[in-house]
Structures are given as C-alpha cells and as structure tokens.
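**Q** Here you go, this is input.cif (mmCIF, C-alpha atoms).
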```
data_structure
#
loop_
_atom_site.group_PDB
_atom_site.id
_atom_site.type_symbol
_atom_site.label_atom_id
_atom_site.label_comp_id
_atom_site.auth_asym_id
_atom_site.auth_seq_id
_atom_site.Cartn_x
_atom_site.Cartn_y
_atom_site.Cartn_z
ATOM 1 C CA MET A 1 0.000 0.000 0.000
ATOM 2 C CA SER A 2 1.385 3.393 -0.919
ATOM 3 C CA TYR A 3 1.927 6.103 1.641
ATOM 4 C CA TYR A 4 -0.063 8.642 -0.326
ATOM 5 C CA ASN A 5 -3.120 8.525 -2.530
ATOM 6 C CA PHE A 6 -3.329 9.379 -6.203
ATOM 7 C CA GLU A 7 -6.675 10.864 -7.083
ATOM 8 C CA GLU A 8 -8.331 8.483 -9.475
ATOM 9 C CA ASN A 9 -10.085 11.071 -11.619
ATOM 10 C CA LYS A 10 -7.650 11.673 -14.464
ATOM 11 C CA ASN A 11 -9.866 14.286 -16.110
ATOM 12 C CA ALA A 12 -8.686 17.658 -14.914
ATOM 13 C CA THR A 13 -11.410 19.868 -13.509
ATOM 14 C CA ASP A 14 -11.847 23.381 -14.851
ATOM 15 C CA GLU A 15 -10.424 24.740 -11.593
ATOM 16 C CA ASP A 16 -7.325 22.558 -11.797
ATOM 17 C CA GLU A 17 -6.713 23.618 -15.393
ATOM 18 C CA HIS A 18 -7.223 27.280 -14.492
ATOM 19 C CA PHE A 19 -4.663 27.205 -11.703
ATOM 20 C CA MET A 20 -2.237 25.074 -13.731
ATOM 21 C CA ARG A 21 -2.341 27.749 -16.444
ATOM 22 C CA LEU A 22 -1.339 30.280 -13.786
ATOM 23 C CA ALA A 23 1.515 27.970 -12.739
ATOM 24 C CA LEU A 24 2.541 27.836 -16.410
ATOM 25 C CA ASN A 25 2.632 31.644 -16.424
ATOM 26 C CA GLU A 26 5.053 31.461 -13.486
ATOM 27 C CA ALA A 27 7.186 28.956 -15.400
ATOM 28 C CA LYS A 28 7.293 31.357 -18.359
ATOM 29 C CA LYS A 29 8.563 34.107 -16.040
ATOM 30 C CA GLY A 30 11.425 31.804 -15.109
ATOM 31 C CA LEU A 31 12.065 31.040 -18.771
ATOM 32 C CA GLU A 32 12.395 34.775 -19.477
ATOM 33 C CA GLU A 33 15.097 34.895 -16.795
ATOM 34 C CA LYS A 34 16.875 31.851 -18.266
ATOM 35 C CA GLU A 35 15.806 29.619 -15.384
ATOM 36 C CA ILE A 36 14.528 26.073 -15.817
ATOM 37 C CA PRO A 37 10.850 26.795 -16.577
ATOM 38 C CA ILE A 38 8.975 25.323 -13.654
ATOM 39 C CA GLY A 39 6.199 27.298 -12.017
ATOM 40 C CA ALA A 40 4.131 26.786 -8.890
ATOM 41 C CA ILE A 41 0.969 28.255 -7.396
ATOM 42 C CA ILE A 42 -0.527 27.520 -3.968
ATOM 43 C CA VAL A 43 -4.260 27.966 -3.587
ATOM 44 C CA CYS A 44 -6.275 28.094 -0.377
ATOM 45 C CA ASN A 45 -10.059 28.415 -0.444
ATOM 46 C CA GLY A 46 -9.997 29.403 -4.112
ATOM 47 C CA LYS A 47 -7.412 32.171 -3.640
ATOM 48 C CA ILE A 48 -3.750 32.243 -4.596
ATOM 49 C CA VAL A 49 -1.686 32.521 -1.425
ATOM 50 C CA GLY A 50 1.735 31.733 -2.883
ATOM 51 C CA ARG A 51 3.503 31.553 -6.189
ATOM 52 C CA GLY A 52 6.974 30.954 -7.463
ATOM 53 C CA TYR A 53 9.259 29.889 -10.250
ATOM 54 C CA ASN A 54 12.752 28.489 -10.255
ATOM 55 C CA LEU A 55 15.365 30.966 -9.081
ATOM 56 C CA THR A 56 18.323 28.603 -8.780
ATOM 57 C CA GLU A 57 20.492 30.496 -11.287
ATOM 58 C CA GLN A 58 19.553 33.993 -10.148
ATOM 59 C CA LEU A 59 20.060 33.211 -6.461
ATOM 60 C CA ASN A 60 22.900 30.725 -7.035
ATOM 61 C CA ASP A 61 20.960 28.398 -4.743
ATOM 62 C CA VAL A 62 20.178 24.795 -5.631
ATOM 63 C CA THR A 63 17.227 24.830 -3.214
ATOM 64 C CA ALA A 64 15.443 27.773 -4.889
ATOM 65 C CA HIS A 65 12.936 25.580 -6.723
ATOM 66 C CA ALA A 66 9.519 26.902 -7.743
ATOM 67 C CA GLU A 67 7.753 24.865 -5.060
ATOM 68 C CA MET A 68 10.049 26.112 -2.314
ATOM 69 C CA GLN A 69 9.414 29.716 -3.376
ATOM 70 C CA ALA A 70 5.661 29.068 -3.348
ATOM 71 C CA PHE A 71 5.761 27.338 0.075
ATOM 72 C CA THR A 72 7.586 30.307 1.593
ATOM 73 C CA ALA A 73 5.218 32.842 0.026
ATOM 74 C CA ALA A 74 2.119 30.892 1.113
ATOM 75 C CA SER A 75 3.387 30.510 4.678
ATOM 76 C CA GLN A 76 4.024 34.243 4.869
ATOM 77 C CA THR A 77 0.596 35.051 3.410
ATOM 78 C CA LEU A 78 -1.237 32.669 5.748
ATOM 79 C CA GLY A 79 0.876 33.503 8.786
ATOM 80 C CA GLY A 80 1.883 29.937 9.581
ATOM 81 C CA LYS A 81 4.064 27.084 8.388
ATOM 82 C CA TYR A 82 1.288 24.567 7.778
ATOM 83 C CA LEU A 83 -0.551 24.590 4.472
ATOM 84 C CA LYS A 84 -3.497 22.414 5.385
ATOM 85 C CA ASN A 85 -6.495 22.958 3.102
ATOM 86 C CA CYS A 86 -4.151 24.204 0.376
ATOM 87 C CA THR A 87 -3.318 22.857 -3.063
ATOM 88 C CA LEU A 88 0.068 23.104 -4.745
ATOM 89 C CA TYR A 89 -0.133 23.389 -8.535
ATOM 90 C CA VAL A 90 3.236 22.777 -10.142
ATOM 91 C CA THR A 91 4.064 22.337 -13.805
ATOM 92 C CA ILE A 92 6.480 19.427 -13.320
ATOM 93 C CA GLU A 93 6.392 16.558 -10.832
ATOM 94 C CA PRO A 94 8.196 17.657 -7.655
ATOM 95 C CA CYS A 95 11.668 16.367 -6.909
ATOM 96 C CA VAL A 96 12.408 14.562 -3.658
ATOM 97 C CA MET A 97 13.503 17.779 -1.922
ATOM 98 C CA CYS A 98 10.272 19.603 -2.784
ATOM 99 C CA ALA A 99 8.114 16.559 -2.032
ATOM 100 C CA GLY A 100 9.861 16.267 1.341
ATOM 101 C CA ALA A 101 9.244 19.938 2.057
ATOM 102 C CA SER A 102 5.577 19.423 1.152
ATOM 103 C CA TYR A 103 5.430 16.758 3.863
ATOM 104 C CA TRP A 104 6.450 19.296 6.489
ATOM 105 C CA THR A 105 3.885 21.834 5.240
ATOM 106 C CA GLN A 106 1.167 19.172 5.538
ATOM 107 C CA ILE A 107 -0.258 20.422 2.242
ATOM 108 C CA SER A 108 -3.570 18.749 1.446
ATOM 109 C CA ARG A 109 -3.156 18.296 -2.272
ATOM 110 C CA ILE A 110 -0.529 18.394 -5.013
ATOM 111 C CA VAL A 111 -1.547 18.779 -8.650
ATOM 112 C CA TYR A 112 1.215 18.530 -11.216
ATOM 113 C CA GLY A 113 1.492 18.686 -14.971
ATOM 114 C CA ALA A 114 4.207 16.596 -16.593
ATOM 115 C CA ASN A 115 6.077 13.689 -15.019
ATOM 116 C CA GLU A 116 9.757 14.172 -14.212
ATOM 117 C CA GLU A 117 11.186 10.913 -15.460
ATOM 118 C CA LYS A 118 14.670 11.276 -13.964
ATOM 119 C CA ARG A 119 14.281 13.061 -10.628
ATOM 120 C CA GLY A 120 10.581 13.066 -9.830
ATOM 121 C CA PHE A 121 9.663 11.887 -6.348
ATOM 122 C CA THR A 122 7.591 8.958 -7.652
ATOM 123 C CA LYS A 123 10.708 7.483 -9.298
ATOM 124 C CA ILE A 124 12.852 7.820 -6.208
ATOM 125 C CA ASP A 125 10.689 7.578 -3.095
ATOM 126 C CA GLN A 126 6.936 7.268 -3.285
ATOM 127 C CA ASN A 127 6.566 7.410 0.501
ATOM 128 C CA ILE A 128 7.891 10.932 0.971
ATOM 129 C CA LEU A 129 4.592 12.848 1.017
ATOM 130 C CA HIS A 130 2.436 13.425 4.067
ATOM 131 C CA PRO A 131 -0.005 10.490 4.374
ATOM 132 C CA LYS A 132 -3.015 12.795 3.973
ATOM 133 C CA THR A 133 -1.700 14.532 0.831
ATOM 134 C CA LEU A 134 -3.661 13.707 -2.311
ATOM 135 C CA VAL A 135 -1.907 13.815 -5.680
ATOM 136 C CA LYS A 136 -3.345 14.482 -9.104
ATOM 137 C CA ARG A 137 -1.015 14.232 -12.059
ATOM 138 C CA GLY A 138 -1.209 14.986 -15.743
ATOM 139 C CA VAL A 139 -3.061 18.327 -15.665
ATOM 140 C CA LEU A 140 -2.023 20.149 -18.867
ATOM 141 C CA ALA A 141 0.850 17.676 -19.015
ATOM 142 C CA GLU A 142 1.600 18.259 -22.691
ATOM 143 C CA GLU A 143 1.916 22.036 -22.310
ATOM 144 C CA CYS A 144 4.005 21.694 -19.162
ATOM 145 C CA GLY A 145 6.274 19.065 -20.672
ATOM 146 C CA THR A 146 6.718 20.933 -23.955
ATOM 147 C CA LEU A 147 7.949 24.028 -22.143
ATOM 148 C CA MET A 148 10.665 21.951 -20.456
ATOM 149 C CA THR A 149 11.556 19.982 -23.590
ATOM 150 C CA ASN A 150 11.960 23.155 -25.633
ATOM 151 C CA PHE A 151 14.059 24.789 -22.905
ATOM 152 C CA PHE A 152 16.545 21.924 -22.785
ATOM 153 C CA ARG A 153 16.575 21.536 -26.591
ATOM 154 C CA ASP A 154 17.488 25.224 -26.888
ATOM 155 C CA LYS A 155 20.130 24.859 -24.140
ATOM 156 C CA ARG A 156 21.751 21.996 -26.062
ATOM 157 C CA LYS A 157 21.806 24.117 -29.237
ATOM 158 C CA GLU A 158 23.547 26.928 -27.327
ATOM 159 C CA PHE A 159 26.053 24.438 -25.932
ATOM 160 C CA ASP A 160 26.769 22.948 -29.369
ATOM 161 C CA LYS A 161 27.643 26.344 -30.899
#
```
As structure tokens, what does this structure read like?

**A**
Amino acid sequence: MSYYNFEENKNATDEDEHFMRLALNEAKKGLEEKEIPIGAIIVCNGKIVGRGYNLTEQLNDVTAHAEMQAFTAASQTLGGKYLKNCTLYVTIEPCVMCAGASYWTQISRIVYGANEEKRGFTKIDQNILHPKTLVKRGVLAEECGTLMTNFFRDKRKEFDK
C-alpha cells in the first residue's frame, strides 16, 4: 500500500486547469530569466496565497525551486508554516527535496502537470509525502512538458555552438 493517494479522476477539472495555467505563467517568467521553466501556485479556499518559479540560477541556490518559493510565500501570506487545506499546482512533478518539504507543510493536495522521469519523487521515493496529501497528475501535461523539452533543446543548441 502506498503512503499517499493518487486521485483516481484523471480528467482535470476546470479549476485545476485554471490554476495550472497560472503555474505555467510562473514557469514562463522563469524562462524569461533563463531559469529552468517550472512554475508553482498555492491555492487556499480558491485564492492564490503563494507563487513561485525556479530561481536557482539567479540566487545561485540549488534549493530555490519553484515549489520552495511558493511554500515560503504561502506561509508568509497565511501567517503559519502549515498549508493544510491548500493545493500546490506545479508544472512538473516535484523532486524529492520539494516533495519532502511538502510533507512538512502538511499540504492537502498536489496537482502537477508533466512527469519528471529522472528526478521526480515517484521514481525515487513514493513514501515521501504526508499520508493525507492527495496527488493528481497529468493536468495540462503536454503544455508543461513541452515548455521543459523546448528549454533543454534550446540549451543543447547553445552548448553545441
């Protein structure tokens, strides 16, 4: 038995698609700053309480992932470290570090777009989320994945010059 539950409904709701599009907008902000284009939004009671995109290059900080930025912003907005009754929308499956941080926030739900085949938490440790956290995957997966694919394709072209 897994430590967390995947929501069975694979059809994204209108609300999930709406907030994932906002997470994609965050990812595009990162892309404009030459960061890996991953964006995150945290929603509580229908309102955005945190947002972020990767800042690892700008801050020279390997921990400055989109999710970590969003967790910090949401905690400041809500005035506490726990994000119960909140949903994290993130364009790419969280890595182990971000999934582990989500455990400590006790976030209720994680919705992500594209799978992260190499470093996604489901490939490395499926038991890292809080036991009450629900996960929904594949929301706007093609759009989320294409943004990443194009970014790394363009990076390789720059490298090959």

**Q** When distances are computed from only C-alpha atoms, which of A:Gln126, A:Thr56, A:Asn25, A:Gln76 shows the smallest separation from Tyr89 (chain A)?

**A**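 Of A:Gln126, A:Thr56, A:Asn25, A:Gln76, the one nearest Tyr89 (chain A) is A:Asn25, counting only C-alpha atoms.
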
**Q** Compare A:Gly100, A:Pro131, A:Gly52, A:Gly145 by their minimum atom-to-atom distance to Glu117 (chain A), counting all atoms listed in the file, and give me the closest one.

**A**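 Using all atoms listed in the file, Glu117 (chain A) sits closest to A:Gly145.
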
**Q** Mind pulling up the distance from CA of Met20 (chain A) to CA of Thr63 (chain A)?

**A**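 One can read the CA of Thr63 (chain A) to CA of Met20 (chain A) distance as 22.1 Å.
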
**Q** For the provided coordinates, the residues matched by the PyMOL selection byres ((chain A and resi 42-45) around 7) should be stated as an NGL selection string.

**A** :A and (40-41 or 46-51 or 70 or 74 or 85-89)

**Q** Which residue, A:Leu83, A:Leu140, A:Met97, A:Leu55, has the smallest gap to His18 (chain A) when you use all atoms listed in the file?

**A**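 Nearest to His18 (chain A): A:Leu140.
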
**Q** Take CA of Arg109 (chain A) and CA of Thr13 (chain A) and report the distance between them in Å, one decimal.

**A** 14.0 Å

**Q** Measuring atom to atom with all atoms listed in the file, identify which of A:Ala23, A:Ala101, A:Glu143, A:Lys34 is nearest to Thr72 (chain A).

**A**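 Going through A:Ala23, A:Ala101, A:Glu143, A:Lys34 one by one, the smallest distance to Thr72 (chain A) is for A:Ala101.
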
**Q** Please indicate the distance in Å from CA of Phe151 (chain A) to CA of Ile128 (chain A), rounded to one decimal place.

**A**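 A separation of 28.3 Å between them.
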
**Q** For the file shown, report as a PDB file with C-alpha atoms, in the coordinates of the input the outcome of the PyMOL selection byres ((chain A and resi 119) around 12) at residue level.

**A**
```pdb
ATOM      1  CA  ILE A  92       6.480  19.427 -13.320  1.00  0.00           C
ATOM      2  CA  GLU A  93       6.392  16.558 -10.832  1.00  0.00           C
ATOM      3  CA  PRO A  94       8.196  17.657  -7.655  1.00  0.00           C
ATOM      4  CA  CYS A  95      11.668  16.367  -6.909  1.00  0.00           C
ATOM      5  CA  VAL A  96      12.408  14.562  -3.658  1.00  0.00           C
ATOM      6  CA  MET A  97      13.503  17.779  -1.922  1.00  0.00           C
ATOM      7  CA  CYS A  98      10.272  19.603  -2.784  1.00  0.00           C
ATOM      8  CA  ALA A  99       8.114  16.559  -2.032  1.00  0.00           C
ATOM      9  CA  ASN A 115       6.077  13.689 -15.019  1.00  0.00           C
ATOM     10  CA  GLU A 116       9.757  14.172 -14.212  1.00  0.00           C
ATOM     11  CA  GLU A 117      11.186  10.913 -15.460  1.00  0.00           C
ATOM     12  CA  LYS A 118      14.670  11.276 -13.964  1.00  0.00           C
ATOM     13  CA  GLY A 120      10.581  13.066  -9.830  1.00  0.00           C
ATOM     14  CA  PHE A 121       9.663  11.887  -6.348  1.00  0.00           C
ATOM     15  CA  THR A 122       7.591   8.958  -7.652  1.00  0.00           C
ATOM     16  CA  LYS A 123      10.708   7.483  -9.298  1.00  0.00           C
ATOM     17  CA  ILE A 124      12.852   7.820  -6.208  1.00  0.00           C
ATOM     18  CA  ASP A 125      10.689   7.578  -3.095  1.00  0.00           C
ATOM     19  CA  GLN A 126       6.936   7.268  -3.285  1.00  0.00           C
TER      20      GLN A 126
END
```

**Q** As JSON, please report the centre and edge lengths, rounded to one decimal in Å, of the axis-aligned box that holds all listed atoms of region 32-40 of chain A with 4 Å of padding on each of the six sides.

**A**
```
{"center_x": 10.5, "center_y": 30.1, "center_z": -14.2, "size_x": 20.7, "size_y": 17.6, "size_z": 18.6}
```

**Q** Of the candidates A:Ile36, A:Trp104, A:Lys29, A:Asp16, which one gets nearest to Asp154 (chain A) if we count only C-alpha atoms?

**A**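 Using only C-alpha atoms, the shortest distance to Asp154 (chain A) belongs to A:Ile36.
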
**Q** Measuring atom to atom with all atoms listed in the file, identify which of A:Thr133, A:Asn127, A:Thr91, A:Thr149 is nearest to Gly113 (chain A).

**A**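 For Gly113 (chain A), the nearest of the candidates is A:Thr91.
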
**Q** Just want the 7 Å neighbourhood of Tyr53 (chain A), counted on all atoms listed in the file, with same-chain residues fewer than 2 positions away dropped. Output as a PDB file with C-alpha atoms, in the frame of the given file.

**A**
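Result written to part-v9.pdb:
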```
ATOM      1  CA  GLU A  26       5.053  31.461 -13.486  1.00  0.00           C
ATOM      2  CA  ALA A  27       7.186  28.956 -15.400  1.00  0.00           C
ATOM      3  CA  GLY A  30      11.425  31.804 -15.109  1.00  0.00           C
ATOM      4  CA  ILE A  38       8.975  25.323 -13.654  1.00  0.00           C
ATOM      5  CA  GLY A  39       6.199  27.298 -12.017  1.00  0.00           C
ATOM      6  CA  ALA A  40       4.131  26.786  -8.890  1.00  0.00           C
ATOM      7  CA  LEU A  55      15.365  30.966  -9.081  1.00  0.00           C
ATOM      8  CA  HIS A  65      12.936  25.580  -6.723  1.00  0.00           C
ATOM      9  CA  ALA A  66       9.519  26.902  -7.743  1.00  0.00           C
ATOM     10  CA  GLN A  69       9.414  29.716  -3.376  1.00  0.00           C
TER      11      GLN A  69
END
```

**Q** Any idea what's packed within 6 Å of Val111 (chain A), counting only C-alpha atoms, ignoring anything in its chain fewer than 5 positions away? Could you give it as a list in words?

**A**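 Here the answer would be Tyr89, Val135, Lys136 and Arg137 of chain A.
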